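Shown next: input_18.cif, containing mmCIF, C-alpha atoms.
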```
data_target
#
loop_
_atom_site.group_PDB
_atom_site.id
_atom_site.type_symbol
_atom_site.label_atom_id
_atom_site.label_comp_id
_atom_site.auth_asym_id
_atom_site.auth_seq_id
_atom_site.Cartn_x
_atom_site.Cartn_y
_atom_site.Cartn_z
ATOM 1 C CA MET R 1 0.000 0.000 0.000
ATOM 2 C CA PRO R 2 1.449 3.397 -0.945
ATOM 3 C CA LEU R 3 2.434 5.537 2.048
ATOM 4 C CA GLY R 4 0.349 8.435 0.706
ATOM 5 C CA SER R 5 -2.920 6.510 1.037
ATOM 6 C CA LEU R 6 -2.210 5.730 4.736
ATOM 7 C CA LEU R 7 -1.944 9.423 5.505
ATOM 8 C CA SER R 8 -5.043 10.397 3.553
ATOM 9 C CA PRO R 9 -7.898 12.152 5.421
ATOM 10 C CA THR R 10 -10.033 8.975 5.017
ATOM 11 C CA SER R 11 -7.540 6.787 6.935
ATOM 12 C CA ILE R 12 -7.272 9.370 9.739
ATOM 13 C CA VAL R 13 -11.052 9.143 10.127
ATOM 14 C CA ASN R 14 -10.725 5.348 10.232
ATOM 15 C CA VAL R 15 -8.069 5.557 12.972
ATOM 16 C CA ASN R 16 -10.428 7.781 14.997
ATOM 17 C CA ASP R 17 -13.248 5.274 14.498
ATOM 18 C CA LEU R 18 -10.958 2.458 15.568
ATOM 19 C CA LEU R 19 -9.903 4.324 18.732
ATOM 20 C CA PHE R 20 -13.510 5.160 19.566
ATOM 21 C CA THR R 21 -14.535 1.503 19.075
ATOM 22 C CA ALA R 22 -11.677 0.404 21.354
ATOM 23 C CA PHE R 23 -12.857 2.945 23.930
ATOM 24 C CA LYS R 24 -16.415 1.614 23.681
ATOM 25 C CA VAL R 25 -15.208 -1.979 24.203
ATOM 26 C CA LEU R 26 -13.195 -0.884 27.249
ATOM 27 C CA PHE R 27 -16.248 0.999 28.547
ATOM 28 C CA LEU R 28 -18.362 -2.151 28.214
ATOM 29 C CA MET R 29 -15.675 -4.194 29.977
ATOM 30 C CA GLY R 30 -15.710 -1.635 32.805
ATOM 31 C CA LEU R 31 -19.460 -2.115 33.132
ATOM 32 C CA ILE R 32 -19.022 -5.901 33.292
ATOM 33 C CA PHE R 33 -16.468 -5.447 36.110
ATOM 34 C CA TYR R 34 -18.994 -3.185 37.806
ATOM 35 C CA LEU R 35 -21.591 -5.994 37.553
ATOM 36 C CA VAL R 36 -19.162 -8.269 39.454
ATOM 37 C CA PHE R 37 -18.815 -5.521 42.105
ATOM 38 C CA SER R 38 -22.608 -5.172 42.404
ATOM 39 C CA LEU R 39 -22.970 -8.958 42.836
ATOM 40 C CA LEU R 40 -20.278 -8.885 45.546
ATOM 41 C CA VAL R 41 -22.146 -6.046 47.299
ATOM 42 C CA LEU R 42 -25.337 -8.142 47.135
ATOM 43 C CA ARG R 43 -23.498 -11.112 48.661
ATOM 44 C CA GLN R 44 -22.026 -8.852 51.343
ATOM 45 C CA GLU R 45 -25.465 -7.403 52.106
ATOM 46 C CA GLU R 46 -26.838 -10.949 52.494
ATOM 47 C CA GLU R 47 -24.067 -11.808 54.972
ATOM 48 C CA MET R 48 -24.572 -8.553 56.892
ATOM 49 C CA SER R 49 -28.351 -8.847 57.134
ATOM 50 C CA SER R 50 -28.140 -12.455 58.309
ATOM 51 C CA THR R 51 -25.700 -11.418 61.063
ATOM 52 C CA LEU R 52 -27.617 -8.347 62.257
ATOM 53 C CA ILE R 53 -31.361 -8.627 61.728
ATOM 54 C CA THR R 54 -33.090 -5.236 61.535
ATOM 55 C CA PRO R 55 -36.521 -3.973 60.386
ATOM 56 C CA LEU R 56 -34.842 -2.457 57.286
ATOM 57 C CA ARG R 57 -33.630 -5.842 56.041
ATOM 58 C CA GLY R 58 -36.257 -6.076 53.259
ATOM 59 C CA VAL R 59 -35.720 -2.538 51.967
ATOM 60 C CA ILE R 60 -31.931 -2.934 51.887
ATOM 61 C CA ARG R 61 -32.237 -6.306 50.145
ATOM 62 C CA LEU R 62 -34.569 -4.758 47.558
ATOM 63 C CA PHE R 63 -32.093 -1.948 46.908
ATOM 64 C CA GLY R 64 -29.275 -4.493 46.434
ATOM 65 C CA PHE R 65 -31.318 -6.410 43.842
ATOM 66 C CA LEU R 66 -32.380 -3.173 42.119
ATOM 67 C CA HIS R 67 -28.725 -2.166 41.883
ATOM 68 C CA VAL R 68 -27.820 -5.448 40.139
ATOM 69 C CA ILE R 69 -30.849 -5.241 37.813
ATOM 70 C CA LEU R 70 -30.019 -1.636 36.856
ATOM 71 C CA THR R 71 -26.398 -2.627 36.164
ATOM 72 C CA ILE R 72 -27.563 -5.446 33.841
ATOM 73 C CA ALA R 73 -29.990 -3.036 32.138
ATOM 74 C CA VAL R 74 -27.209 -0.477 31.527
ATOM 75 C CA ILE R 75 -24.922 -3.220 30.149
ATOM 76 C CA LEU R 76 -27.630 -4.437 27.738
ATOM 77 C CA PHE R 77 -28.444 -0.875 26.702
ATOM 78 C CA SER R 78 -24.731 -0.121 26.165
ATOM 79 C CA TYR R 79 -24.180 -3.335 24.210
ATOM 80 C CA GLN R 80 -27.096 -2.533 21.932
ATOM 81 C CA TYR R 81 -26.048 1.041 21.189
ATOM 82 C CA LEU R 82 -22.270 0.893 21.416
ATOM 83 C CA LEU R 83 -21.420 -2.256 19.491
ATOM 84 C CA HIS R 84 -24.299 -2.561 17.016
ATOM 85 C CA MET W 1 -52.899 -2.075 90.297
ATOM 86 C CA ALA W 2 -51.450 -2.038 86.796
ATOM 87 C CA ASP W 3 -48.387 -4.194 86.175
ATOM 88 C CA THR W 4 -45.165 -2.383 85.456
ATOM 89 C CA PRO W 5 -43.706 -3.636 82.146
ATOM 90 C CA HIS W 6 -40.835 -6.076 82.697
ATOM 91 C CA THR W 7 -38.410 -4.026 80.574
ATOM 92 C CA GLN W 8 -38.944 -0.950 82.715
ATOM 93 C CA THR W 9 -37.970 -2.655 85.970
ATOM 94 C CA ALA W 10 -35.376 -5.233 84.891
ATOM 95 C CA TYR W 11 -32.631 -2.715 84.125
ATOM 96 C CA PRO W 12 -30.816 -0.041 86.058
ATOM 97 C CA GLU W 13 -32.307 3.433 86.330
ATOM 98 C CA LEU W 14 -30.822 5.234 83.324
ATOM 99 C CA ILE W 15 -31.392 2.330 80.913
ATOM 100 C CA ALA W 16 -34.975 1.843 82.105
ATOM 101 C CA ASN W 17 -35.740 5.573 81.968
ATOM 102 C CA THR W 18 -34.274 6.260 78.523
ATOM 103 C CA PRO W 19 -37.039 6.057 75.901
ATOM 104 C CA GLN W 20 -36.845 3.142 73.491
ATOM 105 C CA SER W 21 -35.441 3.944 70.070
ATOM 106 C CA LYS W 22 -38.062 4.226 67.312
ATOM 107 C CA SER W 23 -35.998 4.472 64.140
ATOM 108 C CA ALA W 24 -33.926 1.630 62.711
ATOM 109 C CA LEU W 25 -31.456 4.261 61.498
ATOM 110 C CA ASP W 26 -30.564 5.591 64.959
ATOM 111 C CA SER W 27 -26.860 5.736 65.749
ATOM 112 C CA PHE W 28 -27.682 5.638 69.486
ATOM 113 C CA ALA W 29 -30.454 3.057 69.704
ATOM 114 C CA VAL W 30 -31.771 2.148 73.137
ATOM 115 C CA ARG W 31 -33.421 -1.298 73.192
ATOM 116 C CA PRO W 32 -33.828 -1.208 69.368
ATOM 117 C CA PRO W 33 -37.157 -2.832 68.409
ATOM 118 C CA ASN W 34 -37.276 -5.878 66.087
ATOM 119 C CA THR W 35 -33.486 -6.076 66.077
ATOM 120 C CA SER W 36 -31.409 -9.142 66.870
ATOM 121 C CA PHE W 37 -28.186 -10.858 65.870
ATOM 122 C CA ASN W 38 -27.689 -14.419 64.720
ATOM 123 C CA PHE W 39 -25.586 -15.512 67.709
ATOM 124 C CA GLN W 40 -27.867 -13.969 70.338
ATOM 125 C CA LEU W 41 -28.462 -16.063 73.472
ATOM 126 C CA ASP W 42 -31.955 -17.112 74.560
ATOM 127 C CA GLN W 43 -32.429 -14.645 77.422
ATOM 128 C CA GLU W 44 -30.177 -11.964 75.953
ATOM 129 C CA GLU W 45 -31.624 -8.559 75.082
ATOM 130 C CA ILE W 46 -29.960 -5.711 73.204
ATOM 131 C CA LEU W 47 -29.941 -2.723 75.561
ATOM 132 C CA LEU W 48 -27.918 -0.325 73.459
ATOM 133 C CA MET W 49 -26.818 -0.440 69.834
ATOM 134 C CA LEU W 50 -24.287 2.086 68.551
ATOM 135 C CA ARG W 51 -23.198 3.170 65.100
ATOM 136 C CA GLN W 52 -20.791 5.924 64.134
ATOM 137 C CA HIS W 53 -22.310 9.389 64.470
ATOM 138 C CA PRO W 54 -23.941 10.334 61.108
ATOM 139 C CA ILE W 55 -21.839 13.506 60.899
ATOM 140 C CA THR W 56 -18.708 11.316 60.530
ATOM 141 C CA GLN W 57 -20.178 10.043 57.243
ATOM 142 C CA ASN W 58 -20.285 13.529 55.708
ATOM 143 C CA LYS W 59 -17.307 12.768 53.425
ATOM 144 C CA TRP W 60 -19.482 10.324 51.465
ATOM 145 C CA ILE W 61 -22.240 12.877 51.085
ATOM 146 C CA LEU W 62 -19.742 15.501 49.879
ATOM 147 C CA VAL W 63 -18.153 13.060 47.406
ATOM 148 C CA ALA W 64 -21.642 12.137 46.111
ATOM 149 C CA ILE W 65 -22.584 15.815 45.649
ATOM 150 C CA LEU W 66 -19.347 16.435 43.715
ATOM 151 C CA MET W 67 -19.912 13.321 41.619
ATOM 152 C CA VAL W 68 -23.479 14.402 40.799
ATOM 153 C CA ALA W 69 -22.190 17.830 39.770
ATOM 154 C CA LEU W 70 -19.531 16.443 37.380
ATOM 155 C CA PRO W 71 -21.876 15.314 34.542
ATOM 156 C CA ILE W 72 -23.668 18.662 34.716
ATOM 157 C CA LEU W 73 -20.317 20.438 34.245
ATOM 158 C CA PHE W 74 -19.300 18.001 31.503
ATOM 159 C CA LEU W 75 -22.559 18.437 29.574
ATOM 160 C CA SER W 76 -22.038 22.201 29.550
ATOM 161 C CA THR W 77 -18.628 21.848 27.809
ATOM 162 C CA SER W 78 -18.104 21.705 24.036
ATOM 163 C CA LEU W 79 -16.565 18.205 24.323
ATOM 164 C CA ALA W 80 -19.994 16.772 25.130
ATOM 165 C CA ASN W 81 -21.309 18.085 21.792
ATOM 166 C CA THR W 82 -18.588 16.268 19.813
ATOM 167 C CA LEU W 83 -19.577 12.849 21.224
ATOM 168 C CA PRO W 84 -22.570 10.875 19.890
ATOM 169 C CA SER W 85 -25.647 11.613 21.987
ATOM 170 C CA GLN W 86 -26.314 7.913 22.663
ATOM 171 C CA PHE W 87 -22.820 7.550 24.097
ATOM 172 C CA VAL W 88 -23.332 10.578 26.340
ATOM 173 C CA ILE W 89 -26.619 9.100 27.641
ATOM 174 C CA ILE W 90 -24.918 5.765 28.399
ATOM 175 C CA ALA W 91 -21.942 7.479 30.068
ATOM 176 C CA VAL W 92 -24.219 9.584 32.296
ATOM 177 C CA MET W 93 -26.357 6.536 33.206
ATOM 178 C CA SER W 94 -23.227 4.543 34.101
ATOM 179 C CA TRP W 95 -21.897 7.443 36.166
ATOM 180 C CA PHE W 96 -25.098 7.666 38.231
ATOM 181 C CA LEU W 97 -25.053 3.883 38.653
ATOM 182 C CA LEU W 98 -21.510 4.167 40.029
ATOM 183 C CA ILE W 99 -22.612 6.910 42.462
ATOM 184 C CA SER W 100 -25.553 4.809 43.689
ATOM 185 C CA GLY W 101 -23.268 1.779 44.135
ATOM 186 C CA LEU W 102 -20.663 3.700 46.115
ATOM 187 C CA LEU W 103 -23.324 5.305 48.316
ATOM 188 C CA PHE W 104 -25.012 1.947 48.905
ATOM 189 C CA GLU W 105 -21.680 0.394 49.895
ATOM 190 C CA ALA W 106 -20.945 3.325 52.248
ATOM 191 C CA PHE W 107 -24.429 3.000 53.782
ATOM 192 C CA LEU W 108 -24.011 -0.764 54.346
ATOM 193 C CA ASP W 109 -20.635 -0.116 55.948
ATOM 194 C CA TRP W 110 -22.175 2.428 58.339
ATOM 195 C CA PHE W 111 -25.417 0.550 59.036
ATOM 196 C CA TYR W 112 -24.030 -2.913 59.768
ATOM 197 C CA ASN W 113 -20.847 -2.027 61.682
ATOM 198 C CA VAL W 114 -22.318 -1.854 65.159
ATOM 199 C CA ASP W 115 -21.277 -1.997 68.787
ATOM 200 C CA MET W 116 -23.770 -3.365 71.272
ATOM 201 C CA LEU W 117 -24.340 -3.582 74.980
ATOM 202 C CA THR W 118 -26.633 -6.475 75.770
ATOM 203 C CA SER W 119 -27.977 -7.784 79.061
ATOM 204 C CA GLU W 120 -25.160 -10.382 79.021
ATOM 205 C CA ARG W 121 -22.133 -8.931 77.214
ATOM 206 C CA ILE W 122 -20.695 -6.348 74.882
ATOM 207 C CA VAL W 123 -20.651 -7.222 71.195
ATOM 208 C CA GLN W 124 -18.773 -5.657 68.305
ATOM 209 C CA ILE W 125 -19.675 -6.556 64.722
ATOM 210 C CA GLU W 126 -17.229 -5.279 62.107
ATOM 211 C CA PHE W 127 -17.287 -5.861 58.370
ATOM 212 C CA THR W 128 -13.793 -4.877 57.317
ATOM 213 C CA SER W 129 -14.085 -5.239 53.544
ATOM 214 C CA LEU W 130 -16.491 -6.663 50.996
ATOM 215 C CA LEU W 131 -16.489 -10.203 52.369
ATOM 216 C CA PHE W 132 -14.720 -10.189 55.737
ATOM 217 C CA LYS W 133 -16.340 -9.863 59.120
ATOM 218 C CA ASN W 134 -14.975 -9.716 62.624
ATOM 219 C CA ILE W 135 -17.183 -10.405 65.638
ATOM 220 C CA SER W 136 -15.887 -9.807 69.160
ATOM 221 C CA THR W 137 -17.762 -10.364 72.383
ATOM 222 C CA ALA W 138 -16.949 -10.091 76.072
ATOM 223 C CA ARG W 139 -19.164 -11.005 79.001
ATOM 224 C CA LEU W 140 -19.981 -8.124 81.338
ATOM 225 C CA GLU W 141 -18.087 -9.686 84.261
ATOM 226 C CA LYS W 142 -14.906 -9.599 82.132
ATOM 227 C CA ILE W 143 -15.025 -5.806 81.733
ATOM 228 C CA GLU W 144 -12.304 -4.087 83.725
ATOM 229 C CA ASP W 145 -12.334 -0.467 82.638
ATOM 230 C CA VAL W 146 -14.278 1.971 80.452
ATOM 231 C CA THR W 147 -12.545 5.055 79.025
ATOM 232 C CA VAL W 148 -14.146 7.879 77.074
ATOM 233 C CA THR W 149 -12.155 10.097 74.702
ATOM 234 C CA SER W 150 -13.474 12.974 72.629
ATOM 235 C CA SER W 151 -12.961 13.347 68.867
ATOM 236 C CA GLY W 152 -11.708 16.917 68.483
ATOM 237 C CA TYR W 153 -13.824 19.999 67.825
ATOM 238 C CA GLU W 154 -16.370 18.087 65.693
ATOM 239 C CA GLY W 155 -16.835 15.605 68.528
ATOM 240 C CA ALA W 156 -17.332 18.373 71.062
ATOM 241 C CA LEU W 157 -19.817 20.144 68.787
ATOM 242 C CA PHE W 158 -21.893 17.090 67.854
ATOM 243 C CA ASP W 159 -21.347 15.081 71.061
ATOM 244 C CA PHE W 160 -19.506 12.018 69.798
ATOM 245 C CA GLY W 161 -16.200 10.318 70.588
ATOM 246 C CA ASN W 162 -14.519 7.003 71.299
ATOM 247 C CA VAL W 163 -15.303 4.585 74.078
ATOM 248 C CA LYS W 164 -12.566 2.143 75.025
ATOM 249 C CA VAL W 165 -13.560 -0.935 77.007
ATOM 250 C CA GLN W 166 -10.765 -2.964 78.619
ATOM 251 C CA THR W 167 -11.581 -6.591 79.268
ATOM 252 C CA ALA W 168 -9.871 -9.614 80.736
ATOM 253 C CA GLY W 169 -10.983 -11.858 77.883
ATOM 254 C CA ALA W 170 -9.383 -13.012 74.651
ATOM 255 C CA THR W 171 -10.164 -9.667 73.033
ATOM 256 C CA ASP W 172 -8.527 -7.426 75.603
ATOM 257 C CA GLU W 173 -9.807 -4.124 74.250
ATOM 258 C CA PHE W 174 -12.946 -2.949 72.499
ATOM 259 C CA GLU W 175 -12.965 0.432 70.841
ATOM 260 C CA PHE W 176 -16.279 1.987 69.866
ATOM 261 C CA ASP W 177 -15.210 4.665 67.379
ATOM 262 C CA ASN W 178 -17.050 7.945 66.821
ATOM 263 C CA VAL W 179 -20.149 6.898 68.738
ATOM 264 C CA PRO W 180 -22.666 9.502 69.939
ATOM 265 C CA HIS W 181 -23.320 10.437 73.595
ATOM 266 C CA THR W 182 -20.120 8.838 74.925
ATOM 267 C CA ASN W 183 -20.852 9.795 78.544
ATOM 268 C CA LYS W 184 -24.239 8.087 78.370
ATOM 269 C CA VAL W 185 -22.606 4.995 76.821
ATOM 270 C CA SER W 186 -20.088 4.882 79.645
ATOM 271 C CA THR W 187 -22.869 5.301 82.264
ATOM 272 C CA PHE W 188 -24.939 2.562 80.601
ATOM 273 C CA ILE W 189 -22.000 0.138 80.752
ATOM 274 C CA ASN W 190 -21.121 1.087 84.331
ATOM 275 C CA GLU W 191 -24.747 0.673 85.431
ATOM 276 C CA MET W 192 -24.814 -2.796 83.916
ATOM 277 C CA LEU W 193 -21.538 -3.634 85.657
ATOM 278 C CA GLU W 194 -22.961 -2.525 89.013
ATOM 279 C CA GLU W 195 -26.080 -4.584 88.337
ATOM 280 C CA GLN W 196 -23.849 -7.556 87.527
ATOM 281 C CA GLU W 197 -21.896 -7.131 90.780
ATOM 282 C CA ASN W 198 -25.085 -6.894 92.856
ATOM 283 C CA LYS W 199 -26.423 -10.189 91.466
#
```

Whole structure given in structure tokens:
Amino acid sequence: MPLGSLLSPTSIVNVNDLLFTAFKVLFLMGLIFYLVFSLLVLRQEEEMSSTLITPLRGVIRLFGFLHVILTIAVILFSYQYLLH
Amino acid sequence: MADTPHTQTAYPELIANTPQSKSALDSFAVRPPNTSFNFQLDQEEILLMLRQHPITQNKWILVAILMVALPILFLSTSLANTLPSQFVIIAVMSWFLLISGLLFEAFLDWFYNVDMLTSERIVQIEFTSLLFKNISTARLEKIEDVTVTSSGYEGALFDFGNVKVQTAGATDEFEFDNVPHTNKVSTFINEMLEEQENK
């Protein structure tokens, strides 16, 4: 491939697209790591609420599940719009 | 003649006369209702449950406020206009998810790390990281000394500090950090010790 075509405005645009795609993949990976964190928090909450039983147990449990569900929803939404 | 409720007469004066806590979020909860722990003894009752004073958690609230403000600042810059709108929406959603997760984790850390005075012993439940817990207990007769220290100007202003309990047991020292009404805590423990000695 001639050197001139690599430096053409079209290939610069392609490099930008490539970098942006890489960024989007990394972003999605970050969200998947965050899902692991939210599952760990849910597990921790389960351990905590079985050790100390309080009237707020149900509400806290619900919030933990909501947090995981929202994380999955954001991952699905991101996957749909970032990589498709 | 009407019967005096058992809980009002079974404990020393200050404990019996202090009104029962009503909120599950109290950091100084006297005889907290519907609260127990999984290694509680049959006749054991929680007389006092302590958490760190809410004012000591202000750093989380400040961090959350700053984190909420960041997307607003970002959206007002020209960089936000160069990015695809769908990406901006996803980034903002993820950011708020992160804030909610960090706040939830901070709340759990505050809510479940408790120090307790029960009718039988003192109990400290500590969750040190995501999956590690440390439970220490000492029977009341093992308590040797109770020391109260204040926590600087904030502690003096909002009435919180540290209570150090020396024991003769395996865990030789309990430290209740940043708990409210330290003098009352100390009196509660001393009253229970006197009660124990008179038995």

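Here atom CA of Thr82 of chain W is placed at a distance of 17.6 Å from atom CA of Leu70 of chain W.
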
Matched chain/residue IDs from the PyMOL selection byres ((chain W) within 8 of (chain R)), as a list in words: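 So the PyMOL selection byres ((chain W) within 8 of (chain R)) ends up selecting Ala24, Asn34, Thr35, Ser36, Phe37, Asn38, Phe39, Gln86, Phe87, Ile90, Met93, Ser94, Leu97, Ser100, Gly101, Glu105, Leu108, Tyr112, Phe127, Leu130 and Leu131 of chain W.
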
Next, the residues of the selection above should be written as a CSV table (one decimal), in the frame of the given file with C-alpha atoms.
```csv
chain,number,residue,atom,x,y,z
W,24,ALA,CA,-33.9,1.6,62.7
W,34,ASN,CA,-37.3,-5.9,66.1
W,35,THR,CA,-33.5,-6.1,66.1
W,36,SER,CA,-31.4,-9.1,66.9
W,37,PHE,CA,-28.2,-10.9,65.9
W,38,ASN,CA,-27.7,-14.4,64.7
W,39,PHE,CA,-25.6,-15.5,67.7
W,86,GLN,CA,-26.3,7.9,22.7
W,87,PHE,CA,-22.8,7.6,24.1
W,90,ILE,CA,-24.9,5.8,28.4
W,93,MET,CA,-26.4,6.5,33.2
W,94,SER,CA,-23.2,4.5,34.1
W,97,LEU,CA,-25.1,3.9,38.7
W,100,SER,CA,-25.6,4.8,43.7
W,101,GLY,CA,-23.3,1.8,44.1
W,105,GLU,CA,-21.7,0.4,49.9
W,108,LEU,CA,-24.0,-0.8,54.3
W,112,TYR,CA,-24.0,-2.9,59.8
W,127,PHE,CA,-17.3,-5.9,58.4
W,130,LEU,CA,-16.5,-6.7,51.0
W,131,LEU,CA,-16.5,-10.2,52.4
```

Can you report as AutoDock Vina command-line options the centre and edge lengths in Å, to one decimal, of an axis-aligned box around the listed atoms of segment 184-192 of chain W padded with 8 Å on each side?
```
--center_x -22.5 --center_y 2.6 --center_z 81.1 --size_x 20.9 --size_y 26.9 --size_z 24.6
```

Could you please determine the separation between atom CA of Asn16 of chain R and atom CA of Leu98 of chain W in Å, to one decimal place?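 Interatomic distance here is 27.6 Å.
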
Contacts of Arg51 of chain W at 7 Å or less, counting all atoms listed in the file, minus same-chain residues fewer than 3 places along, as a PyMOL selection string? chain W and resi 27-28+110-111+113-115+179

Could you tell me how far atom CA of Asp145 of chain W lies from atom CA of Asn190 of chain W, in Å and to one decimal?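 Result for atom CA of Asp145 of chain W versus atom CA of Asn190 of chain W: 9.1 Å, one decimal.
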
Please provide as an mmCIF file with C-alpha atoms, keeping the file's coordinate frame all residues within 12 Å of Pro19 of chain W, with the sequence filter that same-chain residues fewer than 6 positions apart are discarded (counting only C-alpha atoms).
```cif
data_model
loop_
_atom_site.group_PDB
_atom_site.id
_atom_site.type_symbol
_atom_site.label_atom_id
_atom_site.label_comp_id
_atom_site.auth_asym_id
_atom_site.auth_seq_id
_atom_site.Cartn_x
_atom_site.Cartn_y
_atom_site.Cartn_z
ATOM 1 C CA THR W 7 -38.410 -4.026 80.574
ATOM 2 C CA GLN W 8 -38.944 -0.950 82.715
ATOM 3 C CA GLU W 13 -32.307 3.433 86.330
ATOM 4 C CA PHE W 28 -27.682 5.638 69.486
ATOM 5 C CA ALA W 29 -30.454 3.057 69.704
ATOM 6 C CA VAL W 30 -31.771 2.148 73.137
ATOM 7 C CA ARG W 31 -33.421 -1.298 73.192
ATOM 8 C CA PRO W 32 -33.828 -1.208 69.368
ATOM 9 C CA PRO W 33 -37.157 -2.832 68.409
ATOM 10 C CA LEU W 47 -29.941 -2.723 75.561
ATOM 11 C CA LEU W 48 -27.918 -0.325 73.459
#
```

List, as a list in words, every residue that the PyMOL selection byres ((chain W and resi 147-158) around 9) selects in the file provided.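 Selected by the PyMOL selection byres ((chain W and resi 147-158) around 9) here: His53, Ile55, Thr56, Asp145, Val146, Asp159, Phe160, Gly161, Asn162, Val163, Lys164, Val165, Gln166, Asn178, Pro180, His181, Thr182, Asn183, Val185 and Ser186 of chain W.
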
Looking at all atoms listed in the file, which of W:Phe132, W:Phe104, W:Phe174, W:Phe188 is the one that sits closest to Leu66 of chain R?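 With all atoms listed in the file as the atom set, the closest residue is W:Phe104.
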
Could you tell me which of W:Leu103, W:Asp177, W:Met192, W:Thr187 comes closest to Val68 of chain W if we count only C-alpha atoms?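 For Val68 of chain W, the nearest of the candidates is W:Leu103.
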
When you look at Ile122 of chain W with a cut-off of 8 Å (counting all atoms listed in the file), what residues show up, excluding the ones that are within fewer than 3 positions of it in the same chain? I need them as a PyMOL selection string. chain W and resi 115-118+137-140

Show which residues sit within 10 Å of Glu144 of chain W, as a ChimeraX atom specification. Count all atoms listed in the file, and ignore same-chain residues fewer than 6 positions away. /W:165-169,172-173,193
